[in-house]
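Enquirer: Just so it is clear, I am handing over data_30.tsv, which has TSV, C-alpha atoms and all ligand atoms.
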chain	number	residue	atom	x	y	z
S	1	MET	CA	18.65	52.18	-34.65
S	2	ASP	CA	21.28	50.57	-36.85
S	3	PRO	CA	21.96	46.95	-36.00
S	4	VAL	CA	25.29	46.11	-34.39
S	5	ARG	CA	27.25	43.19	-35.79
S	6	LEU	CA	29.95	41.45	-33.78
S	7	ASP	CA	32.16	38.67	-35.08
S	8	VAL	CA	32.98	35.78	-32.79
S	9	PRO	CA	35.93	33.92	-34.33
S	10	THR	CA	36.24	30.81	-32.15
S	11	PRO	CA	38.67	28.08	-33.24
S	12	SER	CA	35.82	25.66	-33.99
S	13	ARG	CA	33.59	28.13	-35.86
S	14	ALA	CA	33.36	31.83	-36.66
S	15	TYR	CA	29.94	33.45	-36.51
S	16	ALA	CA	28.22	36.77	-36.20
S	17	VAL	CA	26.11	38.05	-33.34
S	18	THR	CA	23.73	40.68	-34.67
S	19	ILE	CA	21.77	42.94	-32.35
S	20	GLY	CA	19.02	45.27	-33.52
S	21	ASP	CA	15.41	46.28	-32.92
S	22	GLY	CA	13.08	44.52	-35.28
S	23	LEU	CA	15.59	41.84	-36.30
S	24	LEU	CA	12.98	39.19	-35.56
S	25	ASP	CA	11.37	40.23	-38.84
S	26	ARG	CA	14.60	39.52	-40.69
S	27	VAL	CA	15.65	36.14	-39.33
S	28	GLY	CA	14.83	34.30	-42.56
S	29	ALA	CA	16.75	36.75	-44.75
S	30	MET	CA	19.71	36.70	-42.37
S	31	LEU	CA	19.87	32.90	-42.47
S	32	ASP	CA	19.67	32.97	-46.27
S	33	ALA	CA	22.54	35.46	-46.32
S	34	ILE	CA	24.85	33.06	-44.47
S	35	ALA	CA	23.55	30.10	-46.52
S	36	ALA	CA	22.22	28.32	-43.45
S	37	PRO	CA	20.68	24.98	-44.46
S	38	ALA	CA	17.37	25.75	-46.11
S	39	ARG	CA	15.01	23.64	-44.08
S	40	ARG	CA	14.38	25.40	-40.79
S	41	ILE	CA	12.85	24.11	-37.63
S	42	VAL	CA	12.15	26.12	-34.48
S	43	VAL	CA	12.46	24.84	-30.94
S	44	SER	CA	10.66	27.07	-28.46
S	45	SER	CA	8.47	26.99	-25.37
S	46	PRO	CA	4.67	27.30	-25.39
S	47	LEU	CA	4.83	30.71	-23.69
S	48	VAL	CA	7.48	32.25	-25.93
S	49	TRP	CA	5.79	30.86	-29.01
S	50	ARG	CA	2.42	32.27	-27.95
S	51	LEU	CA	3.97	35.71	-27.35
S	52	HIS	CA	6.31	36.00	-30.35
S	53	GLY	CA	5.87	32.94	-32.57
S	54	GLU	CA	3.59	34.62	-35.05
S	55	GLN	CA	6.14	37.34	-35.72
S	56	LEU	CA	8.95	34.84	-36.18
S	57	SER	CA	6.92	32.62	-38.46
S	58	ARG	CA	6.18	35.57	-40.73
S	59	ALA	CA	9.94	36.08	-41.11
S	60	VAL	CA	11.12	32.56	-41.65
S	61	THR	CA	9.35	29.68	-43.31
S	62	VAL	CA	9.13	27.01	-40.68
S	63	ALA	CA	7.10	23.87	-40.26
S	64	GLU	CA	5.30	23.21	-36.98
S	65	PRO	CA	7.55	24.40	-34.13
S	66	ILE	CA	8.79	21.92	-31.57
S	67	LEU	CA	7.48	23.21	-28.25
S	68	VAL	CA	8.91	21.96	-24.96
S	69	PRO	CA	8.58	23.32	-21.41
S	70	ASP	CA	11.36	25.68	-20.35
S	71	GLY	CA	11.46	25.78	-16.56
S	72	GLU	CA	14.85	24.91	-15.05
S	73	ARG	CA	13.38	21.66	-13.77
S	74	PHE	CA	12.63	20.59	-17.34
S	75	LYS	CA	16.24	21.18	-18.39
S	76	GLN	CA	17.02	17.49	-18.43
S	77	LEU	CA	17.69	14.64	-20.84
S	78	SER	CA	14.05	13.54	-20.96
S	79	THR	CA	13.09	16.90	-22.50
S	80	VAL	CA	15.96	16.70	-25.00
S	81	SER	CA	14.65	13.24	-25.81
S	82	ARG	CA	11.30	14.80	-26.74
S	83	ILE	CA	13.14	17.13	-29.09
S	84	TYR	CA	14.92	14.15	-30.71
S	85	ASP	CA	11.56	12.38	-31.11
S	86	ALA	CA	10.12	15.38	-32.92
S	87	LEU	CA	13.21	15.70	-35.14
S	88	VAL	CA	13.03	12.05	-36.14
S	89	ARG	CA	9.28	12.25	-36.75
S	90	ALA	CA	9.81	15.28	-38.99
S	91	SER	CA	12.62	13.41	-40.83
S	92	VAL	CA	15.04	16.20	-40.06
S	93	ASP	CA	18.32	15.71	-41.91
S	94	ARG	CA	21.64	17.53	-42.22
S	95	ALA	CA	20.11	20.03	-44.63
S	96	THR	CA	18.24	21.54	-41.69
S	97	THR	CA	18.88	24.49	-39.38
S	98	ILE	CA	17.60	24.34	-35.82
S	99	ILE	CA	16.51	27.75	-34.58
S	100	THR	CA	16.31	28.03	-30.80
S	101	PHE	CA	13.75	30.62	-29.74
S	102	GLY	CA	13.54	31.21	-26.01
S	103	GLY	CA	15.56	31.82	-22.88
S	104	GLY	CA	18.72	30.08	-21.76
S	105	VAL	CA	16.92	26.85	-20.94
S	106	ILE	CA	15.58	26.44	-24.47
S	107	GLY	CA	18.90	27.53	-26.02
S	108	ASP	CA	20.94	25.11	-23.90
S	109	MET	CA	18.58	22.16	-24.49
S	110	ALA	CA	17.87	22.67	-28.17
S	111	GLY	CA	21.54	23.54	-28.72
S	112	PHE	CA	22.49	20.21	-27.16
S	113	ALA	CA	19.96	18.46	-29.40
S	114	ALA	CA	21.50	20.21	-32.44
S	115	ALA	CA	25.01	19.22	-31.30
S	116	THR	CA	24.13	15.56	-30.98
S	117	TYR	CA	21.37	14.79	-33.48
S	118	LEU	CA	23.05	13.20	-36.53
S	119	ARG	CA	26.34	14.13	-34.78
S	120	GLY	CA	25.57	17.79	-35.24
S	121	ILE	CA	23.32	19.92	-37.42
S	122	SER	CA	23.25	23.64	-38.05
S	123	LEU	CA	22.21	25.80	-35.10
S	124	VAL	CA	21.04	29.41	-34.82
S	125	HIS	CA	20.09	31.06	-31.55
S	126	VAL	CA	17.35	33.68	-31.34
S	127	PRO	CA	17.42	34.41	-27.58
S	128	THR	CA	14.38	35.99	-25.91
S	129	THR	CA	15.48	36.71	-22.33
S	130	LEU	CA	18.02	39.34	-21.34
S	131	LEU	CA	20.17	36.63	-19.79
S	132	ALA	CA	20.18	34.60	-22.99
S	133	GLN	CA	20.84	37.71	-25.12
S	134	VAL	CA	23.88	38.82	-23.12
S	135	ASP	CA	25.22	35.46	-22.05
S	136	SER	CA	23.97	31.98	-22.84
S	137	ALA	CA	23.40	32.34	-26.61
S	138	ILE	CA	27.07	33.21	-27.15
S	139	GLY	CA	29.97	30.88	-26.53
S	140	GLY	CA	28.72	27.45	-27.49
S	141	LYS	CA	28.00	25.90	-24.12
S	142	VAL	CA	24.97	23.65	-24.51
S	143	GLY	CA	23.61	20.98	-22.24
S	144	VAL	CA	21.27	19.90	-19.49
S	145	ASN	CA	21.20	19.26	-15.75
S	146	HIS	CA	21.65	15.93	-14.03
S	147	ALA	CA	19.60	15.12	-10.93
S	148	LEU	CA	22.85	15.50	-8.95
S	149	GLY	CA	24.02	18.78	-10.40
S	150	LYS	CA	23.51	21.64	-12.82
S	151	ASN	CA	24.82	21.53	-16.39
S	152	LEU	CA	26.72	18.29	-15.79
S	153	ILE	CA	25.87	16.93	-19.24
S	154	GLY	CA	26.77	19.00	-22.26
S	155	ALA	CA	29.05	20.00	-25.09
S	156	PHE	CA	30.77	22.94	-26.67
S	157	TYR	CA	28.88	23.56	-29.90
S	158	GLN	CA	29.02	26.96	-31.51
S	159	PRO	CA	26.02	28.29	-33.44
S	160	ASP	CA	26.16	29.50	-37.05
S	161	ALA	CA	24.61	32.81	-36.01
S	162	VAL	CA	23.01	34.59	-33.08
S	163	VAL	CA	20.19	37.02	-33.83
S	164	ILE	CA	19.18	39.35	-31.01
S	165	ASP	CA	16.10	41.54	-31.09
S	166	PRO	CA	15.86	43.55	-27.84
S	167	LEU	CA	12.19	44.35	-28.57
S	168	VAL	CA	11.17	40.82	-27.52
S	169	LEU	CA	12.23	41.78	-23.99
S	170	GLY	CA	9.11	43.94	-23.78
S	171	THR	CA	7.13	40.93	-22.56
S	172	LEU	CA	9.74	39.65	-20.12
S	173	PRO	CA	8.61	39.70	-16.45
S	174	ARG	CA	10.52	42.26	-14.40
S	175	ARG	CA	12.21	39.67	-12.22
S	176	GLU	CA	13.57	37.80	-15.25
S	177	PHE	CA	14.76	41.09	-16.71
S	178	ARG	CA	16.59	41.99	-13.50
S	179	ALA	CA	18.14	38.51	-13.41
S	180	GLY	CA	19.81	39.29	-16.75
S	181	LEU	CA	20.97	42.70	-15.55
S	182	TYR	CA	23.15	41.16	-12.84
S	183	GLU	CA	25.13	39.44	-15.61
S	184	VAL	CA	25.48	42.79	-17.38
S	185	ILE	CA	26.88	44.22	-14.14
S	186	LYS	CA	29.24	41.24	-14.07
S	187	TYR	CA	30.64	42.22	-17.49
S	188	GLY	CA	31.01	45.79	-16.31
S	189	MET	CA	32.81	44.81	-13.11
S	190	THR	CA	35.19	42.38	-14.81
S	191	SER	CA	35.88	44.14	-18.07
S	192	SER	CA	34.32	47.55	-18.66
S	193	ALA	CA	33.95	50.46	-16.27
S	194	PRO	CA	31.89	52.41	-18.89
S	195	LEU	CA	29.37	49.55	-19.08
S	196	PHE	CA	29.15	49.45	-15.29
S	197	GLU	CA	28.58	53.18	-15.11
S	198	ARG	CA	26.01	53.06	-17.87
S	199	VAL	CA	23.86	50.56	-15.96
S	200	ALA	CA	24.06	52.74	-12.87
S	201	ARG	CA	23.25	55.91	-14.82
S	202	ASP	CA	20.55	54.65	-17.21
S	203	ARG	CA	18.82	52.28	-14.81
S	204	LYS	CA	15.37	53.83	-15.20
S	205	ALA	CA	15.43	53.85	-19.01
S	206	ILE	CA	16.85	50.33	-19.03
S	207	PHE	CA	13.98	49.11	-16.84
S	208	GLY	CA	11.60	50.93	-19.16
S	209	ARG	CA	13.15	48.74	-21.91
S	210	ALA	CA	13.91	51.83	-24.00
S	211	ILE	CA	15.65	50.58	-27.11
S	212	GLU	CA	18.35	53.26	-27.04
S	213	SER	CA	19.30	52.14	-23.52
S	214	LEU	CA	19.07	48.42	-24.22
S	215	MET	CA	21.16	48.44	-27.40
S	216	PRO	CA	24.41	49.63	-25.82
S	217	ILE	CA	24.27	47.39	-22.75
S	218	ILE	CA	23.41	44.29	-24.80
S	219	SER	CA	26.00	45.02	-27.51
S	220	GLU	CA	28.75	45.77	-25.02
S	221	SER	CA	27.99	42.61	-23.02
S	222	CYS	CA	27.99	40.51	-26.20
S	223	ARG	CA	31.25	42.12	-27.31
S	224	ILE	CA	32.93	41.19	-24.03
S	225	LYS	CA	31.55	37.66	-24.00
S	226	GLY	CA	32.46	37.16	-27.68
S	227	GLU	CA	36.03	38.35	-27.15
S	228	VAL	CA	36.58	36.18	-24.11
S	229	VAL	CA	35.12	33.12	-25.82
S	230	ALA	CA	37.11	33.65	-29.01
S	231	ALA	CA	40.30	33.77	-26.93
S	232	ASP	CA	39.45	30.73	-24.83
S	233	GLU	CA	36.68	28.60	-26.31
S	234	ARG	CA	36.93	25.77	-23.80
S	235	GLU	CA	37.50	27.74	-20.63
S	236	ALA	CA	41.09	26.75	-20.04
S	237	GLY	CA	42.09	30.17	-18.76
S	238	PRO	CA	40.83	33.68	-19.61
S	239	ARG	CA	37.17	32.60	-19.93
S	240	ARG	CA	37.27	31.97	-16.20
S	241	ILE	CA	36.86	35.68	-15.52
S	242	LEU	CA	33.23	35.28	-16.59
S	243	ASN	CA	32.81	33.14	-13.49
S	244	PHE	CA	33.04	36.29	-11.39
S	245	GLY	CA	30.30	36.04	-8.79
S	246	HIS	CA	29.53	32.49	-9.81
S	247	THR	CA	31.46	30.57	-7.13
S	248	ALA	CA	29.31	31.73	-4.23
S	249	GLY	CA	26.37	32.21	-6.65
S	250	HIS	CA	26.27	28.57	-7.71
S	251	ALA	CA	26.62	27.50	-4.09
S	252	LEU	CA	23.62	29.64	-3.10
S	253	GLU	CA	21.59	28.10	-5.89
S	254	ALA	CA	22.63	24.59	-4.86
S	255	VAL	CA	21.88	24.95	-1.13
S	256	THR	CA	18.41	26.25	-1.96
S	257	ARG	CA	17.91	23.45	-4.53
S	258	TYR	CA	17.60	25.92	-7.41
S	259	ARG	CA	14.23	27.10	-6.10
S	260	ARG	CA	14.87	30.37	-4.35
S	261	PHE	CA	16.98	32.39	-6.73
S	262	ARG	CA	16.96	33.22	-10.36
S	263	HIS	CA	20.50	32.44	-11.48
S	264	GLY	CA	21.34	36.12	-11.91
S	265	GLU	CA	20.12	36.95	-8.39
S	266	ALA	CA	22.50	34.37	-6.93
S	267	VAL	CA	25.28	35.90	-9.05
S	268	GLY	CA	24.33	39.29	-7.58
S	269	TYR	CA	25.12	37.93	-4.11
S	270	GLY	CA	28.17	36.10	-5.43
S	271	MET	CA	29.64	39.34	-6.77
S	272	LEU	CA	29.10	40.97	-3.37
S	273	VAL	CA	30.86	38.07	-1.65
S	274	ALA	CA	33.84	38.32	-4.02
S	275	ALA	CA	33.98	42.08	-3.46
S	276	GLU	CA	33.92	41.74	0.35
S	277	LEU	CA	36.68	39.18	0.12
S	278	ALA	CA	38.74	41.39	-2.17
S	279	GLN	CA	38.29	44.40	0.07
S	280	ALA	CA	39.29	42.40	3.17
S	281	ARG	CA	42.50	41.43	1.36
S	282	GLY	CA	43.19	45.01	0.42
S	283	ALA	CA	42.82	44.14	-3.28
S	284	LEU	CA	39.73	46.32	-3.87
S	285	ALA	CA	39.06	49.86	-2.67
S	286	ALA	CA	36.14	50.21	-0.26
S	287	SER	CA	34.60	52.82	-2.57
S	288	ASP	CA	34.57	50.36	-5.50
S	289	ARG	CA	32.92	47.70	-3.39
S	290	GLN	CA	30.34	50.25	-2.29
S	291	ALA	CA	29.69	51.27	-5.90
S	292	LEU	CA	29.00	47.61	-6.78
S	293	ALA	CA	26.77	47.15	-3.73
S	294	GLY	CA	24.96	50.38	-4.63
S	295	VAL	CA	24.13	49.33	-8.19
S	296	ILE	CA	23.02	45.88	-7.08
S	297	ALA	CA	20.79	47.37	-4.38
S	298	SER	CA	19.33	49.87	-6.87
S	299	LEU	CA	17.95	47.05	-9.04
S	300	GLY	CA	15.66	45.94	-6.22
S	301	PRO	CA	15.67	43.51	-3.31
S	302	LEU	CA	17.33	40.11	-3.59
S	303	PRO	CA	15.77	37.02	-2.00
S	304	PRO	CA	16.72	36.57	1.68
S	305	ILE	CA	19.84	34.65	2.75
S	306	ALA	CA	19.90	35.17	6.52
S	307	ASP	CA	18.53	31.66	7.07
S	308	LEU	CA	21.37	30.03	5.09
S	309	SER	CA	24.47	29.15	7.09
S	310	ALA	CA	27.84	30.28	5.81
S	311	ALA	CA	29.16	26.78	6.58
S	312	SER	CA	26.62	25.09	4.29
S	313	ILE	CA	27.43	27.52	1.48
S	314	LEU	CA	31.15	26.90	1.96
S	315	GLU	CA	30.53	23.17	1.68
S	316	ALA	CA	28.64	23.69	-1.58
S	317	ILE	CA	31.51	25.83	-2.91
S	318	GLN	CA	33.90	22.99	-2.18
S	319	HIS	CA	31.72	20.67	-4.29
S	320	ASP	CA	31.63	23.02	-7.28
S	321	LYS	CA	32.54	21.32	-10.53
S	322	LYS	CA	34.84	24.20	-11.46
S	323	ILE	CA	37.33	23.21	-8.80
S	324	VAL	CA	40.11	21.82	-10.98
S	325	ALA	CA	42.32	19.18	-9.33
S	326	GLY	CA	41.39	20.41	-5.86
S	327	THR	CA	42.18	24.06	-6.57
S	328	LEU	CA	39.50	26.72	-6.31
S	329	HIS	CA	40.14	29.45	-8.87
S	330	PHE	CA	38.48	32.53	-7.47
S	331	VAL	CA	37.80	35.66	-9.49
S	332	LEU	CA	38.48	38.73	-7.37
S	333	PRO	CA	37.55	42.24	-8.46
S	334	THR	CA	40.47	44.64	-8.17
S	335	ALA	CA	38.70	47.76	-9.49
S	336	ILE	CA	35.55	48.55	-11.48
S	337	GLY	CA	36.42	46.85	-14.78
S	338	ALA	CA	39.37	44.77	-13.59
S	339	THR	CA	39.86	41.38	-11.95
S	340	ALA	CA	42.53	38.96	-10.80
S	341	ILE	CA	42.23	35.20	-10.55
S	342	VAL	CA	43.64	33.77	-7.34
S	343	ASP	CA	43.83	30.22	-6.05
S	344	ASP	CA	44.68	30.76	-2.40
S	345	VAL	CA	41.31	31.79	-0.98
S	346	THR	CA	40.87	30.19	2.42
S	347	ALA	CA	37.72	28.81	4.03
S	348	ARG	CA	38.02	31.47	6.71
S	349	GLU	CA	38.05	34.29	4.23
S	350	LEU	CA	35.02	32.86	2.46
S	351	ILE	CA	33.09	32.47	5.70
S	352	GLY	CA	33.95	36.03	6.65
S	353	ALA	CA	32.81	37.43	3.30
S	354	LEU	CA	29.60	35.39	3.29
S	355	ARG	CA	28.65	36.70	6.73
S	356	LYS	CA	29.37	40.27	5.73
S	357	VAL	CA	26.93	39.86	2.84
S	358	GLY	CA	24.28	38.62	5.27
S	359	THR	CA	24.23	34.84	5.51
S	360	GLY	CA	23.66	33.16	8.86
S	361	LYS	CA	26.46	31.70	10.97
R	1	LIG	N1	25.12	28.27	-22.21
R	1	LIG	C1	25.63	29.20	-21.43
R	1	LIG	O1	26.75	29.68	-21.63
R	1	LIG	C2	24.81	29.70	-20.29
R	1	LIG	C3	25.15	30.90	-19.65
R	1	LIG	C4	24.32	31.38	-18.65
R	1	LIG	C5	23.18	30.68	-18.31
R	1	LIG	N2	22.87	29.51	-18.95
R	1	LIG	C6	21.64	28.78	-18.62
R	1	LIG	O2	20.53	29.58	-18.94
R	1	LIG	C7	19.42	29.16	-18.14
R	1	LIG	C8	18.67	30.38	-17.64
R	1	LIG	O3	18.18	31.09	-18.77
R	1	LIG	P1	17.06	32.19	-18.59
R	1	LIG	O4	17.38	33.04	-17.45
R	1	LIG	O5	16.89	32.78	-19.93
R	1	LIG	O6	15.80	31.35	-18.11
R	1	LIG	P2	14.62	30.59	-18.90
R	1	LIG	O7	15.07	30.07	-20.21
R	1	LIG	O8	14.07	29.61	-17.92
R	1	LIG	O9	13.56	31.75	-19.15
R	1	LIG	C9	12.98	32.38	-18.04
R	1	LIG	C10	11.48	32.51	-18.20
R	1	LIG	O10	11.20	33.55	-19.14
R	1	LIG	C11	10.23	33.12	-20.09
R	1	LIG	N3	10.48	33.90	-21.32
R	1	LIG	C12	11.48	33.76	-22.21
R	1	LIG	N4	11.45	34.76	-23.11
R	1	LIG	C13	10.40	35.54	-22.78
R	1	LIG	C14	9.86	36.74	-23.33
R	1	LIG	N5	10.43	37.36	-24.36
R	1	LIG	N6	8.76	37.25	-22.74
R	1	LIG	C15	8.19	36.66	-21.65
R	1	LIG	N7	8.68	35.54	-21.10
R	1	LIG	C16	9.77	34.99	-21.65
R	1	LIG	C17	10.46	31.66	-20.20
R	1	LIG	O11	9.31	31.00	-20.67
R	1	LIG	C18	10.80	31.28	-18.75
R	1	LIG	O12	9.62	31.07	-18.02
R	1	LIG	C19	20.00	28.31	-17.04
R	1	LIG	O13	19.64	26.98	-17.26
R	1	LIG	C20	21.49	28.48	-17.17
R	1	LIG	O14	22.22	27.31	-16.82
R	1	LIG	C21	23.65	29.04	-19.93
R	2	ZN	ZN	25.80	33.31	-15.09
In structure tokens, write the structure found in this file.
Expert:
Amino acid sequence: MDPVRLDVPTPSRAYAVTIGDGLLDRVGAMLDAIAAPARRIVVSSPLVWRLHGEQLSRAVTVAEPILVPDGERFKQLSTVSRIYDALVRASVDRATTIITFGGGVIGDMAGFAAATYLRGISLVHVPTTLLAQVDSAIGGKVGVNHALGKNLIGAFYQPDAVVIDPLVLGTLPRREFRAGLYEVIKYGMTSSAPLFERVARDRKAIFGRAIESLMPIISESCRIKGEVVAADEREAGPRRILNFGHTAGHALEAVTRYRRFRHGEAVGYGMLVAAELAQARGALAASDRQALAGVIASLGPLPPIADLSAASILEAIQHDKKIVAGTLHFVLPTAIGATAIVDDVTARELIGALRKVGTGK
């Protein structure tokens, strides 16, 4: 299929996101075409490098890759420090492009290293999970976790390019693949009824990783994320709609210490909570909430939540870092493809919605 090219003109930097099967073979040529600094160094994880490193290294002349572990628990400053050590040892200078090659954890960590090493060197993302391809590689958020909270340390640092090859998803475990699909549903619910309907309709082919089914859902998700980010690079306003499902989602992740859910799974629940709340307010039709619940259920079972109390989740919501000056901005769905941001959601409404979705008392 022909590659799709999307321009992301953020105030700090304009760049292209290119999506196409087989693009991994063209990374070197694509970087040459945008005159990315000629020395190239890859940061990846041992697993991703073992699966796809040979293909990438045929396409782009790179020295030894820098390999660091990519579990969420390694997403911390000590791992970034290992990346710095390797950059210094390799005498990496400003004439170098860092290529991140992995999921969101690698992209966020190596992106943060690129943002800070020598006060910033050229960065290109080559994401290898569905979540990274539709979400984390675009928009410039980079960073790591602190022991007391997720993503507390970071920067906005846009890449020079994002190169997406959906064929690398062929090796992604099914659970990781599903985790990315919940974010695709998020884009559909907030911004595009056709995307939402496509996921519902093409589910089987999407799970089969058929390229003609993956291309449209990845491109459409990237288009939405790119547009939102270009309009609001630093999340002062419109970018907040991408937090749909993330208020309750982050709280679920926090109360289970980031061990029970893949991020996307928690967002799956979070979207259901927002939809219950919206329906209870009369802001969302029951049939639209049911359509959302139906698609989420069709992807497969989510981890259990009956043992988690609604009160503990509410408490975690109240600690969320996205509460600005004491106000919780809550993204409510108002139809498939449309949202409203409200700031008057009460604790009672949240408790009610959480219980409807299946949490304990
Ligand atoms: N920067 C942003 O805007 C943004 C947005 C959303 C999420 N994030 C961050 O992204 C992270 C989650 O990213 P993720 O879901 O990609 O998880 P991840 O990076 O941990 O990758 C998940 C697993 O998949 C493996 N993997 C990666 N590519 C593979 C492939 N092609 N085949 C087989 N296995 C492969 C990895 O080794 C890892 O074990 C979180 O830390 C989250 O905070 C950032
Ligand atoms: Zn997310």
Enquirer: Could you list, as a list of chain:residue names, all protein and nucleic acid residues with an atom at most 10 Å from ligand ZN 2 (chain R), counting only C-alpha atoms and all ligand atoms?
Expert: S:Leu131, S:Ala132, S:Val134, S:Asp135, S:Ser136, S:Ala179, S:Gly180, S:Tyr182, S:Glu183, S:Val184, S:Lys186, S:Leu242, S:Asn243, S:Phe244, S:Gly245, S:His246, S:Gly249, S:His250, S:His263, S:Gly264, S:Glu265, S:Ala266, S:Val267, S:Gly268
Enquirer: Could you tell me, counting only C-alpha atoms and all ligand atoms, which protein and nucleic acid residues lie no more than 7 Å from ligand LIG 1 (chain R), written as an NGL selection string?
Expert: :S and (45 or 47-48 or 51 or 70-72 or 75 or 102-106 or 108 or 128-132 or 135-142 or 151 or 168-173 or 176 or 179-180 or 263)
Enquirer: Restricting it to C-alpha atoms, dump the selection as an mmCIF file, in the frame of the given file.
Expert:
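New file part.cif:
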data_model
loop_
_atom_site.group_PDB
_atom_site.id
_atom_site.type_symbol
_atom_site.label_atom_id
_atom_site.label_comp_id
_atom_site.auth_asym_id
_atom_site.auth_seq_id
_atom_site.Cartn_x
_atom_site.Cartn_y
_atom_site.Cartn_z
ATOM 1 C CA SER S 45 8.470 26.990 -25.370
ATOM 2 C CA LEU S 47 4.830 30.710 -23.690
ATOM 3 C CA VAL S 48 7.480 32.250 -25.930
ATOM 4 C CA LEU S 51 3.970 35.710 -27.350
ATOM 5 C CA ASP S 70 11.360 25.680 -20.350
ATOM 6 C CA GLY S 71 11.460 25.780 -16.560
ATOM 7 C CA GLU S 72 14.850 24.910 -15.050
ATOM 8 C CA LYS S 75 16.240 21.180 -18.390
ATOM 9 C CA GLY S 102 13.540 31.210 -26.010
ATOM 10 C CA GLY S 103 15.560 31.820 -22.880
ATOM 11 C CA GLY S 104 18.720 30.080 -21.760
ATOM 12 C CA VAL S 105 16.920 26.850 -20.940
ATOM 13 C CA ILE S 106 15.580 26.440 -24.470
ATOM 14 C CA ASP S 108 20.940 25.110 -23.900
ATOM 15 C CA THR S 128 14.380 35.990 -25.910
ATOM 16 C CA THR S 129 15.480 36.710 -22.330
ATOM 17 C CA LEU S 130 18.020 39.340 -21.340
ATOM 18 C CA LEU S 131 20.170 36.630 -19.790
ATOM 19 C CA ALA S 132 20.180 34.600 -22.990
ATOM 20 C CA ASP S 135 25.220 35.460 -22.050
ATOM 21 C CA SER S 136 23.970 31.980 -22.840
ATOM 22 C CA ALA S 137 23.400 32.340 -26.610
ATOM 23 C CA ILE S 138 27.070 33.210 -27.150
ATOM 24 C CA GLY S 139 29.970 30.880 -26.530
ATOM 25 C CA GLY S 140 28.720 27.450 -27.490
ATOM 26 C CA LYS S 141 28.000 25.900 -24.120
ATOM 27 C CA VAL S 142 24.970 23.650 -24.510
ATOM 28 C CA ASN S 151 24.820 21.530 -16.390
ATOM 29 C CA VAL S 168 11.170 40.820 -27.520
ATOM 30 C CA LEU S 169 12.230 41.780 -23.990
ATOM 31 C CA GLY S 170 9.110 43.940 -23.780
ATOM 32 C CA THR S 171 7.130 40.930 -22.560
ATOM 33 C CA LEU S 172 9.740 39.650 -20.120
ATOM 34 C CA PRO S 173 8.610 39.700 -16.450
ATOM 35 C CA GLU S 176 13.570 37.800 -15.250
ATOM 36 C CA ALA S 179 18.140 38.510 -13.410
ATOM 37 C CA GLY S 180 19.810 39.290 -16.750
ATOM 38 C CA HIS S 263 20.500 32.440 -11.480
#
Enquirer: Each residue of region 167-194 of chain S with at least one atom at most 6 Å from region 336-356 of chain S should appear once, together with its nearest atom pair and the corresponding distance in Å (one decimal); atoms considered: all atoms listed in the file; ordering: chain, then increasing residue number; output as CSV.
Expert:
residue,atom,partner,partner_atom,distance
S:Gly188,CA,S:Gly337,CA,5.7
S:Met189,CA,S:Gly337,CA,4.5
S:Thr190,CA,S:Gly337,CA,4.6
S:Ser191,CA,S:Gly337,CA,4.3
S:Ser192,CA,S:Gly337,CA,4.5
S:Ala193,CA,S:Gly337,CA,4.6
Enquirer: What's around region 312-318 of chain S at 10 Å? Count only C-alpha atoms, leave out sequence neighbours fewer than 3 positions away in its own chain, and write the answer as number ranges by chain.
Expert: S: 246-256, 308-309, 321-323, 326-328, 347-348, 350-351, 354, 359-361
Enquirer: How would the residues just picked look written out with C-alpha atoms as a compact mmCIF listing (two decimals), keeping the file's coordinate frame?
Expert:
# COMPACT_ATOMS: atom_id res chain seq x y z
CA HIS S 246 29.53 32.49 -9.81
CA THR S 247 31.46 30.57 -7.13
CA ALA S 248 29.31 31.73 -4.23
CA GLY S 249 26.37 32.21 -6.65
CA HIS S 250 26.27 28.57 -7.71
CA ALA S 251 26.62 27.50 -4.09
CA LEU S 252 23.62 29.64 -3.10
CA GLU S 253 21.59 28.10 -5.89
CA ALA S 254 22.63 24.59 -4.86
CA VAL S 255 21.88 24.95 -1.13
CA THR S 256 18.41 26.25 -1.96
CA LEU S 308 21.37 30.03 5.09
CA SER S 309 24.47 29.15 7.09
CA LYS S 321 32.54 21.32 -10.53
CA LYS S 322 34.84 24.20 -11.46
CA ILE S 323 37.33 23.21 -8.80
CA GLY S 326 41.39 20.41 -5.86
CA THR S 327 42.18 24.06 -6.57
CA LEU S 328 39.50 26.72 -6.31
CA ALA S 347 37.72 28.81 4.03
CA ARG S 348 38.02 31.47 6.71
CA LEU S 350 35.02 32.86 2.46
CA ILE S 351 33.09 32.47 5.70
CA LEU S 354 29.60 35.39 3.29
CA THR S 359 24.23 34.84 5.51
CA GLY S 360 23.66 33.16 8.86
CA LYS S 361 26.46 31.70 10.97
Enquirer: Here is a test: counting all atoms listed in the file, which residue of S:Leu214, S:Ala200, S:Ala115, S:Ile241 is nearest to Gly294 (chain S)?
Expert: S:Ala200
Enquirer: Between S:Val4, S:Gly300, S:Gly154, S:Pro159, which residue has the minimum interatomic distance to Phe177 (chain S), considering only C-alpha atoms?
Expert: S:Gly300
Enquirer: Out of S:Gly143, S:Pro333, S:Pro216, S:Gly149, which residue has the shortest atom-to-atom distance to Asp21 (chain S) when counting all atoms listed in the file?
Expert: S:Pro216
Enquirer: Enter the distance from CA of Asp165 (chain S) to CA of Val126 (chain S), in Å, rounded to one decimal.
Expert: 8.0 Å
Enquirer: May I ask for the distance between CA of Arg89 (chain S) and CA of Phe101 (chain S), given in Å to one decimal place?
Expert: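 Separation between CA of Arg89 (chain S) and CA of Phe101 (chain S): 20.2 Å.
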Enquirer: Quick one: distance from CA of Ala278 (chain S) to CA of Thr334 (chain S) in Å, one decimal?
Expert: 7.0 Å
